[in-house]
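Structure data follow from work.cif (mmCIF, C-alpha atoms and all ligand atoms):
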```
data_final
#
loop_
_atom_site.label_atom_id
_atom_site.label_comp_id
_atom_site.auth_asym_id
_atom_site.auth_seq_id
_atom_site.Cartn_x
_atom_site.Cartn_y
_atom_site.Cartn_z
CA MET A 228 137.30 88.17 67.33
CA LEU A 229 137.96 91.74 68.49
CA ARG A 230 137.45 94.59 66.01
CA ILE A 231 139.30 97.88 66.53
CA GLN A 232 138.90 101.10 64.52
CA LYS A 233 140.85 104.29 64.32
CA VAL A 234 139.59 106.70 67.02
CA LYS A 235 139.46 110.52 67.15
CA SER A 236 140.53 110.84 70.77
CA ILE A 237 140.85 109.11 74.13
CA GLN A 238 139.45 110.96 77.16
CA GLY A 239 138.22 110.17 80.65
CA THR A 240 138.99 108.99 84.16
CA VAL A 241 139.36 105.24 84.65
CA ARG A 242 140.74 102.50 86.86
CA VAL A 243 142.44 99.37 85.55
CA PRO A 244 142.01 95.89 87.09
CA GLY A 245 144.17 94.81 90.03
CA ASP A 246 147.85 93.99 89.73
CA LYS A 247 148.35 90.41 88.55
CA SER A 248 151.60 89.76 90.44
CA ILE A 249 150.21 91.16 93.70
CA SER A 250 146.87 89.32 93.33
CA HIS A 251 148.62 85.93 92.93
CA ARG A 252 150.77 86.54 95.98
CA ALA A 253 147.86 87.74 98.13
CA VAL A 254 146.00 84.46 97.52
CA MET A 255 149.08 82.26 98.00
CA PHE A 256 150.29 83.97 101.16
CA GLY A 257 146.73 84.15 102.50
CA ALA A 258 146.39 80.37 102.05
CA LEU A 259 149.69 79.74 103.88
CA ALA A 260 148.99 82.25 106.67
CA GLU A 261 147.29 81.60 109.96
CA GLY A 262 143.88 83.28 110.02
CA THR A 263 141.80 85.08 107.45
CA THR A 264 143.12 87.26 104.62
CA THR A 265 140.71 89.70 102.99
CA ILE A 266 141.70 90.97 99.55
CA SER A 267 140.12 93.94 97.78
CA GLY A 268 140.99 95.05 94.27
CA PHE A 269 141.87 91.44 93.33
CA LEU A 270 142.36 90.78 89.59
CA PRO A 271 139.62 88.32 88.56
CA GLY A 272 141.59 87.41 85.40
CA ALA A 273 142.10 83.83 84.27
CA ASP A 274 145.67 83.57 85.68
CA CYS A 275 144.77 84.59 89.23
CA LEU A 276 141.65 82.39 89.12
CA SER A 277 144.01 79.48 88.33
CA THR A 278 145.88 80.26 91.56
CA ILE A 279 142.63 80.27 93.54
CA SER A 280 141.55 76.95 92.03
CA CYS A 281 144.92 75.30 92.86
CA PHE A 282 144.63 76.26 96.54
CA ARG A 283 140.97 75.21 96.71
CA ARG A 284 142.07 71.77 95.48
CA MET A 285 144.49 71.67 98.39
CA GLY A 286 141.67 72.18 100.89
CA ILE A 287 141.78 75.97 101.34
CA GLN A 288 138.41 77.67 101.56
CA ILE A 289 138.40 80.76 99.33
CA GLU A 290 135.40 82.98 98.60
CA GLN A 291 135.72 85.18 95.53
CA GLN A 292 133.28 87.62 94.04
CA ASP A 293 134.65 89.93 91.35
CA ASP A 294 137.55 91.79 92.98
CA GLN A 295 136.74 90.77 96.57
CA VAL A 296 138.36 87.64 97.99
CA VAL A 297 138.42 86.03 101.41
CA VAL A 298 141.06 83.34 102.00
CA HIS A 299 140.73 81.14 105.08
CA GLY A 300 144.37 80.35 105.72
CA LYS A 301 145.30 77.21 107.68
CA GLY A 302 148.99 77.91 108.23
CA TRP A 303 151.94 76.73 106.11
CA PHE A 304 151.31 73.03 106.73
CA GLY A 305 147.51 73.28 106.52
CA LEU A 306 147.48 72.36 102.81
CA GLU A 307 146.14 68.91 101.88
CA GLU A 308 147.38 66.53 99.19
CA PRO A 309 145.16 67.19 96.13
CA LYS A 310 143.33 64.18 94.68
CA GLU A 311 143.87 65.39 91.12
CA LYS A 312 146.53 67.20 89.12
CA LEU A 313 146.71 70.95 89.70
CA ASP A 314 145.94 72.92 86.52
CA VAL A 315 147.78 76.26 86.33
CA GLY A 316 146.19 77.23 82.98
CA ASN A 317 148.35 79.86 81.23
CA SER A 318 150.01 81.13 84.42
CA GLY A 319 153.79 81.05 84.75
CA THR A 320 153.63 82.84 88.09
CA THR A 321 151.29 80.19 89.52
CA ILE A 322 153.39 77.19 88.50
CA ARG A 323 156.76 78.66 89.47
CA LEU A 324 155.79 80.10 92.85
CA ILE A 325 153.66 77.08 93.78
CA SER A 326 156.62 74.78 92.97
CA GLY A 327 158.58 76.50 95.74
CA ILE A 328 155.71 76.12 98.20
CA LEU A 329 155.00 72.49 97.29
CA SER A 330 158.65 71.50 97.62
CA THR A 331 158.20 71.92 101.40
CA GLN A 332 154.88 70.06 101.75
CA PRO A 333 154.68 66.46 103.00
CA PHE A 334 152.77 65.18 99.94
CA HIS A 335 152.82 64.55 96.19
CA VAL A 336 151.42 66.83 93.49
CA VAL A 337 151.42 66.94 89.69
CA LEU A 338 151.33 70.39 88.06
CA GLU A 339 150.18 70.98 84.52
CA GLY A 340 149.00 73.92 82.39
CA ASP A 341 148.04 74.83 78.83
CA GLU A 342 150.02 74.47 75.57
CA SER A 343 151.99 77.65 76.26
CA ILE A 344 152.99 76.55 79.77
CA ALA A 345 154.15 73.22 78.31
CA LYS A 346 156.79 75.12 76.30
CA ARG A 347 158.08 77.37 79.09
CA PRO A 348 161.36 76.60 80.90
CA MET A 349 160.90 75.20 84.41
CA ARG A 350 164.47 74.12 85.24
CA ARG A 351 165.21 77.71 86.25
CA VAL A 352 163.13 76.94 89.37
CA VAL A 353 163.46 73.14 89.47
CA GLY A 354 167.29 73.37 89.47
CA PRO A 355 167.70 75.54 92.59
CA LEU A 356 164.82 73.79 94.39
CA ARG A 357 166.58 70.46 93.77
CA GLN A 358 169.75 71.99 95.23
CA MET A 359 167.72 72.64 98.38
CA GLY A 360 166.78 68.94 98.43
CA ALA A 361 163.41 69.05 96.66
CA LYS A 362 162.20 65.99 94.78
CA ILE A 363 160.87 67.26 91.46
CA ASP A 364 160.62 65.53 88.12
CA GLY A 365 159.21 66.55 84.76
CA ARG A 366 159.65 66.11 81.03
CA LYS A 367 163.25 66.56 79.79
CA ASN A 368 164.63 66.08 83.28
CA GLY A 369 162.39 68.72 84.84
CA GLU A 370 162.61 71.38 82.14
CA PHE A 371 158.97 71.08 81.08
CA THR A 372 155.52 70.25 82.47
CA PRO A 373 153.95 68.14 83.75
CA LEU A 374 155.99 68.55 86.93
CA ALA A 375 155.69 65.98 89.73
CA ILE A 376 156.71 67.24 93.17
CA ARG A 377 157.10 65.26 96.37
CA GLY A 378 157.80 67.69 99.16
CA THR A 379 160.45 67.02 101.75
CA GLU A 380 162.69 68.73 104.31
CA LEU A 381 164.88 71.29 102.59
CA SER A 382 168.14 73.04 103.39
CA GLY A 383 168.81 76.72 102.75
CA ILE A 384 171.07 77.72 99.81
CA GLN A 385 172.84 80.83 98.59
CA TYR A 386 171.66 81.03 95.01
CA ASP A 387 173.24 83.19 92.31
CA SER A 388 170.49 83.47 89.73
CA PRO A 389 171.63 83.81 86.11
CA VAL A 390 168.38 85.66 85.26
CA ALA A 391 166.60 88.64 86.82
CA SER A 392 163.34 86.78 87.37
CA ALA A 393 160.89 87.46 90.19
CA GLN A 394 159.32 84.06 89.63
CA VAL A 395 162.65 82.31 90.22
CA LYS A 396 163.53 84.52 93.19
CA SER A 397 160.09 84.04 94.76
CA ALA A 398 160.02 80.24 94.33
CA ILE A 399 163.35 79.92 96.14
CA LEU A 400 162.47 82.36 98.92
CA LEU A 401 159.13 80.63 99.53
CA ALA A 402 160.86 77.24 99.79
CA GLY A 403 163.44 78.93 102.02
CA LEU A 404 160.75 79.90 104.51
CA GLN A 405 160.56 76.24 105.58
CA ALA A 406 164.19 75.20 104.88
CA LYS A 407 166.93 74.67 107.46
CA GLY A 408 169.03 77.81 107.95
CA VAL A 409 169.14 80.87 105.71
CA THR A 410 168.21 80.98 102.02
CA SER A 411 169.39 83.85 99.87
CA VAL A 412 168.99 84.77 96.22
CA ASN A 413 171.22 87.12 94.30
CA GLU A 414 170.10 88.42 90.89
CA PRO A 415 171.92 90.25 88.07
CA HIS A 416 169.40 93.14 88.14
CA LEU A 417 166.58 93.83 90.56
CA SER A 418 163.39 92.07 89.45
CA ARG A 419 159.94 92.96 90.83
CA ASP A 420 160.00 92.74 94.62
CA HIS A 421 156.32 92.18 95.46
CA THR A 422 157.13 88.90 97.22
CA GLU A 423 159.57 90.59 99.58
CA ARG A 424 157.18 93.47 100.33
CA MET A 425 154.14 91.26 100.84
CA LEU A 426 155.95 88.68 102.96
CA ALA A 427 156.97 91.55 105.23
CA ALA A 428 153.32 92.66 105.36
CA PHE A 429 152.38 89.09 106.45
CA GLY A 430 154.89 89.31 109.32
CA VAL A 431 157.91 87.57 107.77
CA GLN A 432 161.44 88.90 108.25
CA VAL A 433 163.07 89.51 104.87
CA VAL A 434 166.59 90.94 104.65
CA ARG A 435 167.75 92.87 101.58
CA ASP A 436 171.38 93.70 100.89
CA GLY A 437 171.81 95.23 97.42
CA LEU A 438 170.78 92.63 94.85
CA THR A 439 170.67 89.84 97.46
CA VAL A 440 167.60 88.96 99.49
CA SER A 441 167.51 86.44 102.36
CA VAL A 442 164.99 84.70 104.59
CA GLU A 443 165.46 82.40 107.54
CA GLY A 444 163.61 79.08 107.66
CA GLY A 445 160.79 78.35 110.09
CA GLN A 446 158.84 81.60 109.79
CA ARG A 447 155.05 81.90 109.96
CA LEU A 448 152.68 84.16 108.06
CA VAL A 449 149.76 85.91 109.72
CA GLY A 450 146.58 86.66 107.75
CA ARG A 451 145.68 90.29 107.08
CA GLU A 452 143.87 92.71 104.79
CA ILE A 453 145.39 93.43 101.41
CA SER A 454 144.31 96.16 99.02
CA VAL A 455 145.65 95.48 95.50
CA PRO A 456 146.48 98.54 93.38
CA GLY A 457 145.72 98.74 89.65
CA ASP A 458 148.22 96.92 87.42
CA ILE A 459 150.75 99.26 85.80
CA SER A 460 151.23 96.59 83.13
CA SER A 461 147.54 97.03 82.20
CA ALA A 462 147.70 100.83 82.56
CA ALA A 463 150.59 100.70 80.05
CA PHE A 464 148.16 99.91 77.21
CA LEU A 465 146.05 102.97 78.05
CA ILE A 466 149.14 105.18 78.40
CA ALA A 467 150.17 104.01 74.93
CA ALA A 468 146.67 104.67 73.54
CA VAL A 469 146.88 108.29 74.75
CA MET A 470 150.34 108.73 73.22
CA MET A 471 149.14 107.25 69.89
CA VAL A 472 146.00 109.38 69.41
CA PRO A 473 146.43 113.18 69.03
CA GLY A 474 144.39 115.36 71.36
CA SER A 475 144.00 112.63 74.01
CA SER A 476 144.36 112.86 77.78
CA LEU A 477 143.40 110.38 80.47
CA VAL A 478 143.44 110.00 84.24
CA ILE A 479 144.21 106.47 85.43
CA GLU A 480 143.54 106.24 89.17
CA ASN A 481 145.11 103.99 91.78
CA VAL A 482 148.00 102.48 89.79
CA GLY A 483 150.77 100.50 91.49
CA MET A 484 154.04 102.47 91.21
CA ASN A 485 156.52 100.01 92.68
CA PRO A 486 159.90 101.19 91.31
CA THR A 487 160.66 97.66 90.08
CA ARG A 488 157.66 98.04 87.71
CA THR A 489 157.77 101.64 86.51
CA GLY A 490 160.18 101.26 83.59
CA ILE A 491 157.29 102.05 81.22
CA VAL A 492 156.86 105.51 82.76
CA ASP A 493 160.60 106.17 82.47
CA VAL A 494 160.69 105.09 78.82
CA VAL A 495 157.59 107.04 77.77
CA ARG A 496 159.05 110.13 79.46
CA ALA A 497 162.44 109.53 77.79
CA MET A 498 160.59 109.44 74.45
CA GLY A 499 159.05 112.84 75.23
CA GLY A 500 155.69 111.69 76.64
CA ARG A 501 153.99 113.54 79.50
CA ILE A 502 152.83 111.49 82.49
CA ASP A 503 152.15 113.35 85.76
CA LEU A 504 151.96 111.45 89.06
CA VAL A 505 149.32 112.78 91.42
CA ASN A 506 148.22 111.73 94.91
CA GLU A 507 151.26 109.51 95.57
CA ARG A 508 150.78 107.22 98.58
CA VAL A 509 151.84 103.84 100.02
CA VAL A 510 149.31 101.03 100.51
CA ASN A 511 150.38 97.70 102.10
CA GLU A 512 154.07 98.47 101.49
CA GLU A 513 153.38 99.24 97.80
CA PRO A 514 153.64 102.77 96.27
CA VAL A 515 150.48 103.88 94.45
CA ALA A 516 149.55 107.02 92.44
CA ASP A 517 147.02 108.46 90.00
CA LEU A 518 148.47 108.99 86.54
CA HIS A 519 147.55 112.00 84.41
CA VAL A 520 148.58 111.13 80.87
CA PHE A 521 148.71 113.62 77.98
CA HIS A 522 149.18 112.93 74.28
CA SER A 523 152.73 113.88 73.22
CA GLU A 524 154.87 113.61 70.10
CA LEU A 525 157.43 110.85 70.75
CA THR A 526 160.98 110.25 69.59
CA GLY A 527 162.83 106.93 69.48
CA THR A 528 165.02 105.75 72.38
CA VAL A 529 167.28 102.95 73.56
CA VAL A 530 165.87 100.46 76.08
CA GLU A 531 168.54 98.21 77.62
CA GLY A 532 170.26 96.98 80.80
CA GLU A 533 168.81 97.28 84.29
CA ILE A 534 165.53 98.78 83.06
CA ILE A 535 164.59 95.62 81.15
CA PRO A 536 163.20 93.65 84.14
CA ARG A 537 161.33 96.82 85.18
CA LEU A 538 159.31 96.79 81.93
CA ILE A 539 159.67 93.28 80.54
CA ASP A 540 155.90 92.80 80.13
CA GLU A 541 155.50 96.22 78.48
CA ILE A 542 157.91 95.63 75.58
CA PRO A 543 155.16 94.60 73.11
CA VAL A 544 153.35 97.91 73.61
CA ILE A 545 156.64 99.87 73.67
CA ALA A 546 157.31 98.43 70.19
CA VAL A 547 153.92 99.73 69.07
CA LEU A 548 154.72 103.19 70.48
CA ALA A 549 158.13 103.14 68.81
CA SER A 550 156.44 102.63 65.42
CA GLN A 551 154.77 106.03 65.98
CA ALA A 552 157.87 107.80 67.33
CA SER A 553 160.24 109.65 65.05
CA GLY A 554 163.65 108.01 64.68
CA THR A 555 164.90 104.61 65.74
CA THR A 556 164.15 102.67 68.92
CA LEU A 557 166.53 99.92 69.99
CA ILE A 558 165.49 97.27 72.50
CA ARG A 559 168.42 95.18 73.79
CA ASP A 560 169.19 92.70 76.62
CA ALA A 561 165.62 91.39 76.43
CA GLU A 562 166.18 87.73 75.51
CA GLU A 563 163.74 86.80 78.33
CA LEU A 564 161.00 87.84 75.88
CA LYS A 565 161.56 84.53 74.11
CA VAL A 566 160.26 82.52 77.10
CA LYS A 567 157.08 84.48 77.89
CA GLU A 568 153.52 83.33 77.03
CA THR A 569 154.79 83.34 73.43
CA ASP A 570 158.23 84.12 72.00
CA ARG A 571 157.49 87.85 72.18
CA ILE A 572 160.37 88.87 69.92
CA ALA A 573 158.90 86.69 67.17
CA THR A 574 155.22 87.47 67.82
CA VAL A 575 155.63 91.25 68.20
CA VAL A 576 157.65 91.38 64.97
CA SER A 577 155.27 89.17 62.98
CA GLU A 578 152.08 90.91 64.11
CA LEU A 579 153.30 94.54 64.11
CA SER A 580 154.79 94.04 60.63
CA LYS A 581 151.27 93.24 59.38
CA PHE A 582 150.32 96.88 60.10
CA GLY A 583 153.23 98.05 57.91
CA ALA A 584 155.56 98.92 60.81
CA ASN A 585 159.31 98.87 60.18
CA ILE A 586 160.52 96.36 62.81
CA THR A 587 163.43 93.93 62.74
CA PRO A 588 164.10 91.17 65.28
CA THR A 589 167.52 90.78 66.90
CA ASP A 590 168.93 88.06 69.18
CA ASP A 591 168.03 89.98 72.32
CA GLY A 592 165.36 92.44 71.26
CA MET A 593 164.25 94.43 68.24
CA ILE A 594 164.88 97.56 66.18
CA ILE A 595 161.90 99.74 65.27
CA LYS A 596 162.10 102.63 62.82
CA GLY A 597 159.40 105.31 63.00
CA LYS A 598 157.28 106.92 62.19
CA THR A 599 155.20 104.76 59.83
CA SER A 600 151.52 105.21 59.06
CA LEU A 601 149.81 102.00 60.07
CA LYS A 602 147.19 100.15 58.02
CA ALA A 603 144.56 97.93 59.62
CA ALA A 604 145.53 94.26 59.74
CA SER A 605 144.25 90.78 60.57
CA ILE A 606 146.10 89.88 63.75
CA ASP A 607 146.40 86.70 65.81
CA SER A 608 147.07 87.10 69.54
CA MET A 609 148.58 83.57 69.38
CA GLY A 610 146.93 83.06 72.77
CA ASP A 611 149.13 85.76 74.35
CA HIS A 612 147.14 88.41 76.25
CA ARG A 613 149.75 91.12 75.89
CA ILE A 614 150.16 90.56 72.15
CA GLY A 615 146.37 90.85 71.74
CA MET A 616 146.25 94.14 73.68
CA ALA A 617 149.39 95.68 72.15
CA MET A 618 148.00 95.05 68.65
CA ALA A 619 144.60 96.48 69.65
CA ILE A 620 146.44 99.70 70.60
CA ALA A 621 148.20 99.71 67.22
CA GLY A 622 144.73 99.36 65.64
CA LEU A 623 143.60 102.62 67.29
CA SER A 624 145.73 104.65 64.92
CA ALA A 625 145.61 102.38 61.84
CA GLU A 626 143.47 103.19 58.79
CA GLY A 627 140.59 100.70 58.52
CA VAL A 628 139.27 97.96 60.78
CA THR A 629 141.77 95.75 62.60
CA GLN A 630 140.63 92.25 63.51
CA ILE A 631 142.24 90.35 66.37
CA ALA A 632 141.71 86.60 66.48
CA ASN A 633 142.04 84.66 69.75
CA ALA A 634 141.30 87.89 71.61
CA GLU A 635 139.78 85.99 74.55
CA ALA A 636 143.39 85.52 75.77
CA ILE A 637 143.14 89.15 76.98
CA ASN A 638 141.06 87.88 79.94
CA VAL A 639 144.26 86.40 81.39
CA SER A 640 145.21 89.83 82.79
CA PHE A 641 142.70 92.47 81.70
CA PRO A 642 139.06 91.34 81.75
CA GLY A 643 136.89 94.13 80.30
CA PHE A 644 139.75 95.57 78.20
CA ALA A 645 137.70 96.08 75.01
CA ALA A 646 134.74 97.65 76.85
CA LEU A 647 137.02 99.98 78.82
CA LEU A 648 138.85 101.07 75.66
CA ASP A 649 135.52 101.68 73.97
CA SER A 650 134.24 103.76 76.90
CA ILE A 651 137.14 106.23 76.62
CA SER A 652 137.27 106.44 72.80
CA SER A 653 135.42 108.92 70.65
CA LYS A 654 135.08 107.72 67.06
C1 LIG B 701 156.02 87.92 87.28
C2 LIG B 701 157.32 88.00 86.91
C3 LIG B 701 157.78 88.22 85.52
C4 LIG B 701 156.65 88.73 84.62
C5 LIG B 701 155.37 87.98 84.85
C6 LIG B 701 154.92 88.08 86.30
C7 LIG B 701 155.70 87.71 88.71
O1 LIG B 701 158.26 87.00 84.99
O2 LIG B 701 157.02 88.66 83.28
O3 LIG B 701 154.34 88.51 84.02
O4 LIG B 701 154.52 87.91 89.11
O5 LIG B 701 156.60 87.33 89.47
P1 LIG B 701 159.78 86.47 85.28
O6 LIG B 701 159.93 86.27 86.72
O7 LIG B 701 159.89 85.18 84.52
O8 LIG B 701 160.67 87.53 84.72
#
```

As structure tokens, what does this structure read like?
Ligand code: S3P
Amino acid sequence: MLRIQKVKSIQGTVRVPGDKSISHRAVMFGALAEGTTTISGFLPGADCLSTISCFRRMGIQIEQQDDQVVVHGKGWFGLEEPKEKLDVGNSGTTIRLISGILSTQPFHVVLEGDESIAKRPMRRVVGPLRQMGAKIDGRKNGEFTPLAIRGTELSGIQYDSPVASAQVKSAILLAGLQAKGVTSVNEPHLSRDHTERMLAAFGVQVVRDGLTVSVEGGQRLVGREISVPGDISSAAFLIAAVMMVPGSSLVIENVGMNPTRTGIVDVVRAMGGRIDLVNERVVNEEPVADLHVFHSELTGTVVEGEIIPRLIDEIPVIAVLASQASGTTLIRDAEELKVKETDRIATVVSELSKFGANITPTDDGMIIKGKTSLKAASIDSMGDHRIGMAMAIAGLSAEGVTQIANAEAINVSFPGFAALLDSISSK
């Protein structure tokens, strides 16, 4: 149980844990590369630890201490058939990307995760991988876990993805690296491109043409050093805290600023919030900056279209911000929220309503009317890390003591969240 109280102000200079998407990929690509990969700034959250444990079970030696990781890669075909099922825990990125990798391996694997993973759609990756020749089965004809994969020789495809999903794009591209010919993926909007950037850093040739990205089969990865920047999706909760609490300002150092992830900065600025970028640089193909964030009075906005994949994980906390902005905020084109760790349209609406916010669900998003004064509530994270954190931020400006049940889910992406928040709050 996490308890959150109204605070007087938020001040300080902090760093947030490493980027989740980049940490997963660093471990996966390190395992498939020839030679050693050294990772600093790794996110030691439950999801990325699931990725490490899956590769250890396939015979890859990985040393991990806090945010330092050394992966002893054995080359693409150096993985061994695991003796037991691979457990992906709560991690959608692990199961979907690994499915692409395992489709090329000459062995059999069963993949399984927690209750939330068991409800998440897998055919979005299983379908295209089957088109490439992969042998994958699962409940409801491959829609749900457990998934059973027997790797085989694949052929490249040109895939037109109906969704802007980096997990789908990455699974297909990874399978494509060992398929015959060229594999390309086209998406309706650009989703996060960490796979493309990091594959290039590992020595792979990746070709981008607008919304289409292609790789040729038969390429090798070479181990290297990777420095993971702070996760903008975690920084988003602190940005929101500053915007919620009058008189606050905060420096968040070393945050990943990949343009496919910075929708939150664009939306906060569109609402009237001040975020200055300082010390902008590029590390391992990824843009990074320090963020100087200042409390600002916000007004409602419309969030729709191509920006949605650039802030999909930040929508729960954007809804919280919208409850404290004057006017109406509309969130549209975000039906993907329904297939995240929880149905985030339903869970954001149910939990934020408990604080007294004026929020209505729609088919593809939500409508929030501000500004309402929030009252402390008894919240359930429903096992969803981002719901737990978004509601903790709402609690910072609510009268009374907010209680968040199942708050341990926060460790999935932001270990130390409550302590960090406490360290920058004056009560
Ligand atoms: C991720 C992609 C996104 C995002 C998830 C991480 C990734 O999911 O929501 O938290 O690391 O590729 P989709 O690809 O399903 O949109």

Pick from A:Asp493, A:Glu414, A:Glu626, A:Glu290 nearest to ligand LIG 701 (chain B), counting only C-alpha atoms and all ligand atoms: A:Glu414

Contacts of ligand LIG 701 (chain B), 10 Å or closer, only C-alpha atoms and all ligand atoms, given as a ChimeraX atom specification: /A:246-252,318-321,323-324,347-348,351,390-398,418-422,460,488,535-541,563-564,566-568,613,640

Mind running range 448-563 of chain A against range 265-275 of chain A at 9 Å and telling me each contacting residue's nearest atom pair with the distance in Å (one decimal), counting only C-alpha atoms, chain and number ascending, as JSON lines?
```
{"residue": "A:Gly450", "atom": "CA", "partner": "A:Thr265", "partner_atom": "CA", "distance": 8.1}
{"residue": "A:Arg451", "atom": "CA", "partner": "A:Thr265", "partner_atom": "CA", "distance": 6.5}
{"residue": "A:Glu452", "atom": "CA", "partner": "A:Thr265", "partner_atom": "CA", "distance": 4.7}
{"residue": "A:Ile453", "atom": "CA", "partner": "A:Ile266", "partner_atom": "CA", "distance": 4.8}
{"residue": "A:Ser454", "atom": "CA", "partner": "A:Ser267", "partner_atom": "CA", "distance": 4.9}
{"residue": "A:Val455", "atom": "CA", "partner": "A:Gly268", "partner_atom": "CA", "distance": 4.8}
{"residue": "A:Pro456", "atom": "CA", "partner": "A:Gly268", "partner_atom": "CA", "distance": 6.6}
{"residue": "A:Gly457", "atom": "CA", "partner": "A:Gly268", "partner_atom": "CA", "distance": 7.6}
{"residue": "A:Asp458", "atom": "CA", "partner": "A:Leu270", "partner_atom": "CA", "distance": 8.8}
```

Top pick for closest residue to Ala361 in chain A, considering A:Lys346, A:Arg377, A:Arg496, A:Arg559 and counting only C-alpha atoms: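 Nearest candidate to Ala361 in chain A out of A:Lys346, A:Arg377, A:Arg496, A:Arg559: A:Arg377.
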
Can you tell me how far CA of Ala260 in chain A sits from CA of Gly437 in chain A, in Å to one decimal? 27.8 Å

Can you build me a table of range 447-563 of chain A residues sitting at most 12 Å from range 591-605 of chain A, with the closest atom pair per residue and its distance in Å to one decimal, using only C-alpha atoms, sorted by chain and residue number, as a Markdown table?
```
| residue | atom | partner | partner_atom | distance |
| --- | --- | --- | --- | --- |
| A:Met471 | CA | A:Leu601 | CA | 11.2 |
| A:Glu524 | CA | A:Lys598 | CA | 10.6 |
| A:Leu525 | CA | A:Lys598 | CA | 9.4 |
| A:Thr526 | CA | A:Gly597 | CA | 8.4 |
| A:Gly527 | CA | A:Gly597 | CA | 7.5 |
| A:Thr528 | CA | A:Ile595 | CA | 9.8 |
| A:Val529 | CA | A:Ile594 | CA | 9.4 |
| A:Val530 | CA | A:Gly592 | CA | 9.4 |
| A:Glu531 | CA | A:Gly592 | CA | 9.2 |
| A:Gly532 | CA | A:Asp591 | CA | 11.2 |
| A:Ile535 | CA | A:Gly592 | CA | 10.4 |
| A:Ile539 | CA | A:Gly592 | CA | 10.9 |
| A:Ile542 | CA | A:Gly592 | CA | 9.2 |
| A:Pro543 | CA | A:Met593 | CA | 10.3 |
| A:Ile545 | CA | A:Ile595 | CA | 9.9 |
| A:Ala546 | CA | A:Ile595 | CA | 6.9 |
| A:Val547 | CA | A:Ile595 | CA | 8.8 |
| A:Leu548 | CA | A:Gly597 | CA | 9.1 |
| A:Ala549 | CA | A:Ile595 | CA | 6.2 |
| A:Ser550 | CA | A:Gly597 | CA | 4.7 |
| A:Gln551 | CA | A:Lys598 | CA | 4.6 |
| A:Ala552 | CA | A:Gly597 | CA | 5.2 |
| A:Ser553 | CA | A:Gly597 | CA | 4.9 |
| A:Gly554 | CA | A:Gly597 | CA | 5.3 |
| A:Thr555 | CA | A:Lys596 | CA | 4.5 |
| A:Thr556 | CA | A:Ile595 | CA | 5.2 |
| A:Leu557 | CA | A:Ile594 | CA | 4.8 |
| A:Ile558 | CA | A:Gly592 | CA | 5.0 |
| A:Arg559 | CA | A:Gly592 | CA | 4.8 |
| A:Asp560 | CA | A:Asp591 | CA | 5.2 |
| A:Ala561 | CA | A:Asp591 | CA | 5.0 |
| A:Glu562 | CA | A:Asp591 | CA | 4.3 |
| A:Glu563 | CA | A:Asp591 | CA | 8.0 |
```

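The residue that comes closest to Gly583 in chain A, out of A:Gly445, A:Gly615, A:Gly622, A:Gly365 and on the basis of only C-alpha atoms, is A:Gly622.
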
Do a neighbour search on Phe644 in chain A at 10 Å with only C-alpha atoms, toss out local chain neighbours closer than 2 positions, and write the hits as a PyMOL selection string. chain A and resi 243-244+461+464-465+616+619+637-638+640-642+646-650

Within 12 Å of range 368-373 of chain A, counting only C-alpha atoms, which residues show up once you throw out same-chain ones fewer than 6 positions away? Write them as a count of residues only, please. 33

Is it possible to get the residues within 8 Å of (159.7, 89.4, 101.2) (coordinates as in the file, counting all atoms listed in the file) written as a ChimeraX atom specification? /A:400,420-427,431-434,442

Could you list, as a tab-separated table (two decimals) with C-alpha atoms, keeping the file's coordinate frame, every residue within 7 Å of Ile384 in chain A, counting only C-alpha atoms and ignoring same-chain residues fewer than 6 positions away?
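Below you can see selection22.tsv, which holds the result:
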```tsv
chain	number	residue	atom	x	y	z
A	359	MET	CA	167.72	72.64	98.38
A	409	VAL	CA	169.14	80.87	105.71
A	410	THR	CA	168.21	80.98	102.02
A	411	SER	CA	169.39	83.85	99.87
```

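Surrounding residues of (141.6, 84.7, 105.5) at most 7 Å away are A:Gly257, A:Gly262, A:Thr263, A:Thr264, A:Thr265, A:Val297, A:Val298, A:His299, A:Gly300, A:Gly450 (based on only C-alpha atoms).
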
Store the residues picked out above in a file with C-alpha atoms, as a CSV table (one decimal), keeping the file's coordinate frame.
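Printed below is selection_2.csv as written:
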```
chain,number,residue,atom,x,y,z
A,257,GLY,CA,146.7,84.2,102.5
A,262,GLY,CA,143.9,83.3,110.0
A,263,THR,CA,141.8,85.1,107.4
A,264,THR,CA,143.1,87.3,104.6
A,265,THR,CA,140.7,89.7,103.0
A,297,VAL,CA,138.4,86.0,101.4
A,298,VAL,CA,141.1,83.3,102.0
A,299,HIS,CA,140.7,81.1,105.1
A,300,GLY,CA,144.4,80.4,105.7
A,450,GLY,CA,146.6,86.7,107.8
```

Using only C-alpha atoms, which residues sit within 7 Å of Asp517 in chain A once same-chain residues fewer than 2 positions away are excluded, as a list of chain:residue names?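 Using only C-alpha atoms, the neighbours found are A:Val478, A:Ile479, A:Glu480, A:Asn481, A:Val482, A:Leu504, A:Val505, A:Asn506, A:His519.
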
Would you output that residue set with C-alpha atoms, as an mmCIF file, in the frame of the given file?
```
data_model
loop_
_atom_site.group_PDB
_atom_site.id
_atom_site.type_symbol
_atom_site.label_atom_id
_atom_site.label_comp_id
_atom_site.auth_asym_id
_atom_site.auth_seq_id
_atom_site.Cartn_x
_atom_site.Cartn_y
_atom_site.Cartn_z
ATOM 1 C CA VAL A 478 143.440 110.000 84.240
ATOM 2 C CA ILE A 479 144.210 106.470 85.430
ATOM 3 C CA GLU A 480 143.540 106.240 89.170
ATOM 4 C CA ASN A 481 145.110 103.990 91.780
ATOM 5 C CA VAL A 482 148.000 102.480 89.790
ATOM 6 C CA LEU A 504 151.960 111.450 89.060
ATOM 7 C CA VAL A 505 149.320 112.780 91.420
ATOM 8 C CA ASN A 506 148.220 111.730 94.910
ATOM 9 C CA HIS A 519 147.550 112.000 84.410
#
```
